[in-house]
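What follows is one structure encoded as structure tokens, with my remarks underneath.
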Amino acid sequence: MSIATFHAPLAWTPSGWRTHQRLALDTRGRFAAADTDGPAPSLSGGPVLPGLPNLHSHAFQRALLGRVERAGPGEDSFWSWREAMYQVAARFDPDVLRAVAAQLYAEMLEAGYTRVCEFHYLHHAPDGRPYAEPAAMSLALVEAAREAGIGLTLLPVLYQRGGFDGRALGERQRRFAHDHDAFLALLARLRREEARDPDLRVGLAFHSLRAVDEAAMRGVLAALPDPSMPVHLHIAEQVGEVADCLAVHGQRPVRWLLDRFAIDARWTLVHATHLDDGELAGIAASGATVALCPATEANLGDGLFPLRAYLAAGGAFGIGSDSQVSVDPVEELRWLEHGARLGSLKRNRAALAPGASSGETLLAGALAGGAAACGRAPSALAAGGEGDLVVLHGDDPAFAGVAEDGLVDAWLFGRRRPGVREAWRGGRALVLEGRHVRGEAIGRAFRAAMARIAG
Ligand code: NGQ
Ligand code: ZN
């Protein structure tokens with residue numbers, strides 16, 4: 001049975017652009033057919049894409065904008081940024097988190113992201129004590145996603161120590177911590193929510209190899225209620241992390257991980273910026289997805305991911321908005337390609353074969369890599385794909401006179417109209433005329449929350 005049918009004059013399908021696509025949704029909100037039969041209501045003119053998956057988000061970091069770009073007393077780095085980030089994190093309670101996340105998720109939809117993997121570690125009250133409802137902060141994110149209508153893959157994070165050497169958590173990190181039992185209780189609570197919410201997928205994350213030791217990882221993985229849950233972790237983002245891992249374990253972080261755990265397609269490695277050749281080949285062969293967040297990685301001074309070599313090795317990737325310095329898949333994909341060009345002094349780095357398009361390669365890769373990381377069906381305008389779609393601004397002057405085979409490149413490298421014109425999930429319009437349908441109410445609550453944590 002079909003719950004809604006669209007007619008897309010021009011749609012990006014797994015086999016490229018197709019005209020006059022009829023997209024029917026089944027009762028689970030997935031595409032049931034993508035064919036050309038019969039009449040159906042038309043989407044507004046512009047090219048239609050599958051909704052983009054955002055593989056890595058820390059919603060509370062939306063509140064950092066305008067607070068972290070001023071020079072400090074010493075040389076600024078990732079680690080000094082992290083101190084400022086902890087200060088803002090300390091001001092969040094469930095109500096503030098709900099309001100900030102709803103605004104962020106509405107912004108994601110307006111930019112073309114229709115599902116987000118939320119890497120969530122702000123679990124408890126600032127003094128480290130659980131809230132009366134221990135899952136209150138996670139549930140605030142679930143409610144925010146429902147309010148905005150974005151698909152949520154919630155990744156509660158295990159975070160237990162302050163560094164590779166086993167040092168205790170700092171004062172501002174106390175609210176991130178769980179012991180094994182409390183963490184599994186949180187997963188169980190969220191899986192009850194998942195059972196009654198078809199938009200919610202629950203996975204888990206280890207914050208980083210700095211924050212969790214091998215025994216804790218093994219213990220949690222062995223106790224998972226469902227072995228297919230997506231597992232994410234931050235890894236090898238900073239050269240300092242690689243150096244600390246070498247000092248304590250005598251191995252680089254990615255090598256250490258690959259040697260000890262059966263890394264496969266249910267794993268997402270976030271950043272994986274600093275890789276030697278063996279690590280790069282190892283991730284690519286494992287089937288894991290690398291979540292690349294080029295705007296944040298640039299903003300934090302992380303370094304450049306070895307994109308071309310990784311793609312040549314057949315590696316899977318997706319993109320993430322991470323610190324929310326940019327909430328825009330176009331910026332992430334463009335940064336990914338441009339970073340590779342700046343690092344190599346060459347052009348067209350993602351496109352490996354003669355004639356391949358940089359933009360189409362990046363877009364297709366980010367869509368394909370999203371499915372496993374999100375624990376969902378692929379985002380694709382084809383039977384079985386997630387029923388998420390976005391409509392680009394068909395009147396963007398960047399598209400004028402551009403043939404079909406140049407549309408994705410014109411959009412990614414030269415679009416003049418940011419955002420998308422429409423976003424739909426499961427037959428429901430969430431963005432119309434470039435604006436989130438509940439944007440005003442969500443925006444009012446967001447401003448009030450930001451005023452509460454200002455100063
Ligand atoms: C985070 N963000 O958990 O928000 C981290 C910073 C850390 C990024 N890595 C904190 N981009 O890695 O310790
Ligand atoms: Zn992160």
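Letters A, B, ... mark the chains of the structure tokens in the order given; residue numbers begin at 1 per chain; ligand numbers begin at 1, in order shown.
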*Gly401 of chain A: which residues within 12 Å, counting only C-alpha atoms, same-chain residues fewer than 6 positions away excluded, as a ChimeraX atom specification?*
/A:395,407,410
Suppose we keep N, CA, C and O atoms; can you now write the selection as an mmCIF file, in the first residue's frame?
```
data_model
loop_
_atom_site.group_PDB
_atom_site.id
_atom_site.type_symbol
_atom_site.label_atom_id
_atom_site.label_comp_id
_atom_site.auth_asym_id
_atom_site.auth_seq_id
_atom_site.Cartn_x
_atom_site.Cartn_y
_atom_site.Cartn_z
ATOM 1 N N ASP A 395 15.355 27.457 -9.631
ATOM 2 C CA ASP A 395 15.620 28.758 -10.262
ATOM 3 C C ASP A 395 17.004 29.295 -9.897
ATOM 4 O O ASP A 395 17.323 30.444 -10.198
ATOM 5 N N LEU A 407 24.770 19.241 -13.488
ATOM 6 C CA LEU A 407 23.937 19.830 -12.429
ATOM 7 C C LEU A 407 24.540 19.657 -11.036
ATOM 8 O O LEU A 407 24.559 20.592 -10.236
ATOM 9 N N ALA A 410 27.518 21.886 -10.678
ATOM 10 C CA ALA A 410 27.125 23.302 -10.572
ATOM 11 C C ALA A 410 26.607 23.599 -9.171
ATOM 12 O O ALA A 410 26.890 24.648 -8.585
#
```
*Return as a ChimeraX atom specification every polymer residue, whether protein, DNA or RNA, with at least one atom no more than 9 Å from an atom of ligand 1; count only C-alpha atoms and all ligand atoms.*
/A:57-58,61,78-79,81-83,85-86,119-121,162-163,207-208,210-211,234-235,237-238,270-271,293,296-297,300,302,322-323
*Name the residues in contact with Glu147 of chain A at a cut-off of 12 Å, using only C-alpha atoms, excluding same-chain residues fewer than 6 positions from it; report them as a list in words.*
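These residues fall inside the cut-off: Arg98, Ala99, Val100, Ala101, Ala102, Gln103, Leu104, Tyr105, Ala106, Leu109, Ala140, Leu141, Asp199, Leu430, His436, Val437, Arg438, Gly439, Ala441, Ile442, Gly443 and Ala445 of chain A.
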Would you mind exporting the chosen residues as a CSV table (one decimal), in the first residue's frame, restricted to N, CA and C atoms?
```csv
chain,number,residue,atom,x,y,z
A,98,ARG,N,16.8,20.6,24.4
A,98,ARG,CA,15.7,20.3,23.5
A,98,ARG,C,15.5,21.5,22.5
A,99,ALA,N,15.6,22.7,23.1
A,99,ALA,CA,15.3,23.9,22.2
A,99,ALA,C,16.4,24.2,21.2
A,100,VAL,N,17.7,24.0,21.7
A,100,VAL,CA,18.8,24.2,20.8
A,100,VAL,C,18.9,23.1,19.7
A,101,ALA,N,18.6,21.9,20.1
A,101,ALA,CA,18.6,20.8,19.1
A,101,ALA,C,17.5,21.0,18.1
A,102,ALA,N,16.3,21.4,18.5
A,102,ALA,CA,15.2,21.5,17.6
A,102,ALA,C,15.6,22.6,16.5
A,103,GLN,N,16.2,23.7,17.0
A,103,GLN,CA,16.6,24.7,16.0
A,103,GLN,C,17.6,24.1,15.0
A,104,LEU,N,18.6,23.5,15.6
A,104,LEU,CA,19.7,22.9,14.8
A,104,LEU,C,19.1,21.9,13.8
A,105,TYR,N,18.2,21.0,14.2
A,105,TYR,CA,17.6,20.0,13.3
A,105,TYR,C,16.8,20.7,12.2
A,106,ALA,N,16.1,21.8,12.6
A,106,ALA,CA,15.3,22.5,11.6
A,106,ALA,C,16.3,23.1,10.5
A,109,LEU,N,17.4,20.4,8.2
A,109,LEU,CA,16.5,20.1,7.1
A,109,LEU,C,16.5,21.2,6.0
A,140,ALA,N,15.5,14.5,25.5
A,140,ALA,CA,15.4,15.8,25.0
A,140,ALA,C,15.8,15.9,23.5
A,141,LEU,N,16.8,15.1,23.1
A,141,LEU,CA,17.2,15.0,21.7
A,141,LEU,C,16.1,14.3,20.9
A,199,ASP,N,10.9,6.5,13.3
A,199,ASP,CA,12.0,7.5,12.9
A,199,ASP,C,13.3,7.4,13.7
A,430,LEU,N,8.5,19.1,5.4
A,430,LEU,CA,9.1,19.7,6.6
A,430,LEU,C,9.7,21.1,6.2
A,436,HIS,N,11.7,26.0,7.2
A,436,HIS,CA,11.1,24.9,8.0
A,436,HIS,C,9.7,25.3,8.3
A,437,VAL,N,8.7,24.3,8.2
A,437,VAL,CA,7.3,24.6,8.4
A,437,VAL,C,7.0,25.0,9.8
A,438,ARG,N,7.8,24.6,10.8
A,438,ARG,CA,7.6,25.1,12.2
A,438,ARG,C,8.7,26.0,12.7
A,439,GLY,N,9.4,26.6,11.7
A,439,GLY,CA,10.6,27.3,12.0
A,439,GLY,C,10.4,28.5,13.0
A,441,ALA,N,8.1,28.9,15.5
A,441,ALA,CA,7.9,28.5,16.9
A,441,ALA,C,9.3,27.9,17.4
A,442,ILE,N,9.9,27.1,16.6
A,442,ILE,CA,11.2,26.5,17.0
A,442,ILE,C,12.2,27.6,17.3
A,443,GLY,N,12.2,28.6,16.4
A,443,GLY,CA,13.2,29.7,16.5
A,443,GLY,C,12.9,30.5,17.8
A,445,ALA,N,11.6,29.5,20.7
A,445,ALA,CA,12.1,28.7,21.8
A,445,ALA,C,13.6,28.7,21.9
```
_Near-segment 165-168 of chain A list (12 Å; only C-alpha atoms; drop same-chain fewer than 5 positions) as an NGL selection string_ = :A and (159-160 or 173-174 or 177 or 209-214 or 241 or 244-249)
Show which residues sit within 12 Å of Pro198 of chain A, as a PDB file with C-alpha atoms, in the first residue's frame. Count only C-alpha atoms, and ignore same-chain residues fewer than 4 positions away.
```pdb
ATOM      1  CA  THR A  27       3.506   2.331   4.872  1.00  0.00           C
ATOM      2  CA  ARG A  28       6.969   2.235   6.469  1.00  0.00           C
ATOM      3  CA  GLY A  29       7.798   5.515   4.761  1.00  0.00           C
ATOM      4  CA  ARG A  30      10.210   3.954   2.261  1.00  0.00           C
ATOM      5  CA  VAL A 142      14.516  12.531  20.712  1.00  0.00           C
ATOM      6  CA  ARG A 146      10.365  14.785  16.547  1.00  0.00           C
ATOM      7  CA  GLY A 149      10.760  16.014  11.900  1.00  0.00           C
ATOM      8  CA  ILE A 150      14.331  14.916  11.150  1.00  0.00           C
ATOM      9  CA  GLY A 151      15.227  11.211  11.312  1.00  0.00           C
ATOM     10  CA  LEU A 152      17.402  10.545  14.353  1.00  0.00           C
ATOM     11  CA  THR A 153      20.061   7.914  14.852  1.00  0.00           C
ATOM     12  CA  ARG A 191      15.503   0.950  22.793  1.00  0.00           C
ATOM     13  CA  ARG A 192      12.044   1.025  24.370  1.00  0.00           C
ATOM     14  CA  GLU A 193      11.620   4.424  22.739  1.00  0.00           C
ATOM     15  CA  GLU A 194      12.946   3.052  19.448  1.00  0.00           C
ATOM     16  CA  VAL A 202      19.495   3.687  18.506  1.00  0.00           C
ATOM     17  CA  ARG A 376      18.879   2.535   8.044  1.00  0.00           C
ATOM     18  CA  GLU A 386      14.442   5.829   2.773  1.00  0.00           C
ATOM     19  CA  ARG A 425      10.171  12.681   4.984  1.00  0.00           C
ATOM     20  CA  GLY A 426       7.685   9.849   4.820  1.00  0.00           C
TER      21      GLY A 426
END
```
*May I ask for the distance between atom CA of Val402 of chain A and atom CA of Leu342 of chain A, given in Å to one decimal place?*
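A separation of 26.4 Å between them.
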_DSSP helix (DSSP H, G or I) residues within segment 160-399 of chain A, as a ChimeraX atom specification_ = /A:171-176,180-195,214-223,239-249,253-260,277-286,294-299,307-312,329-344,358-374,397-399
Contacts of Val48 of chain A at 6 Å or less, counting only C-alpha atoms, minus same-chain residues fewer than 5 places along, as a CSV table (one decimal) with N, CA, C and O atoms, in the first residue's frame?
```
chain,number,residue,atom,x,y,z
A,11,ALA,N,15.0,13.7,-11.2
A,11,ALA,CA,15.4,13.1,-9.9
A,11,ALA,C,16.7,12.4,-10.0
A,11,ALA,O,17.0,11.7,-11.0
A,390,VAL,N,14.7,15.8,-1.0
A,390,VAL,CA,14.9,17.3,-1.0
A,390,VAL,C,14.8,17.8,-2.4
A,390,VAL,O,15.2,17.1,-3.3
A,391,VAL,N,14.2,19.0,-2.5
A,391,VAL,CA,14.1,19.6,-3.8
A,391,VAL,C,15.0,20.9,-3.8
A,391,VAL,O,14.9,21.7,-3.0
```
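Those residues of segment 150-248 of chain A that DSSP, working from the backbone, places in strand (DSSP E) are Gly151, Leu152, Thr153, Leu154, Leu155, Pro156, Val157, Leu158, Leu200, Arg201, Val202, Leu204, Ala205, Phe206, His207, Ser208, Val231, His232, Leu233, His234 and Ile235 of chain A.
Atom to atom, atom CA of Leu23 of chain A and atom CA of Glu332 of chain A stand 27.8 Å apart.
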*In Å, how far is it from atom CA of Pro134 of chain A to atom CA of Phe183 of chain A?*
10.1 Å
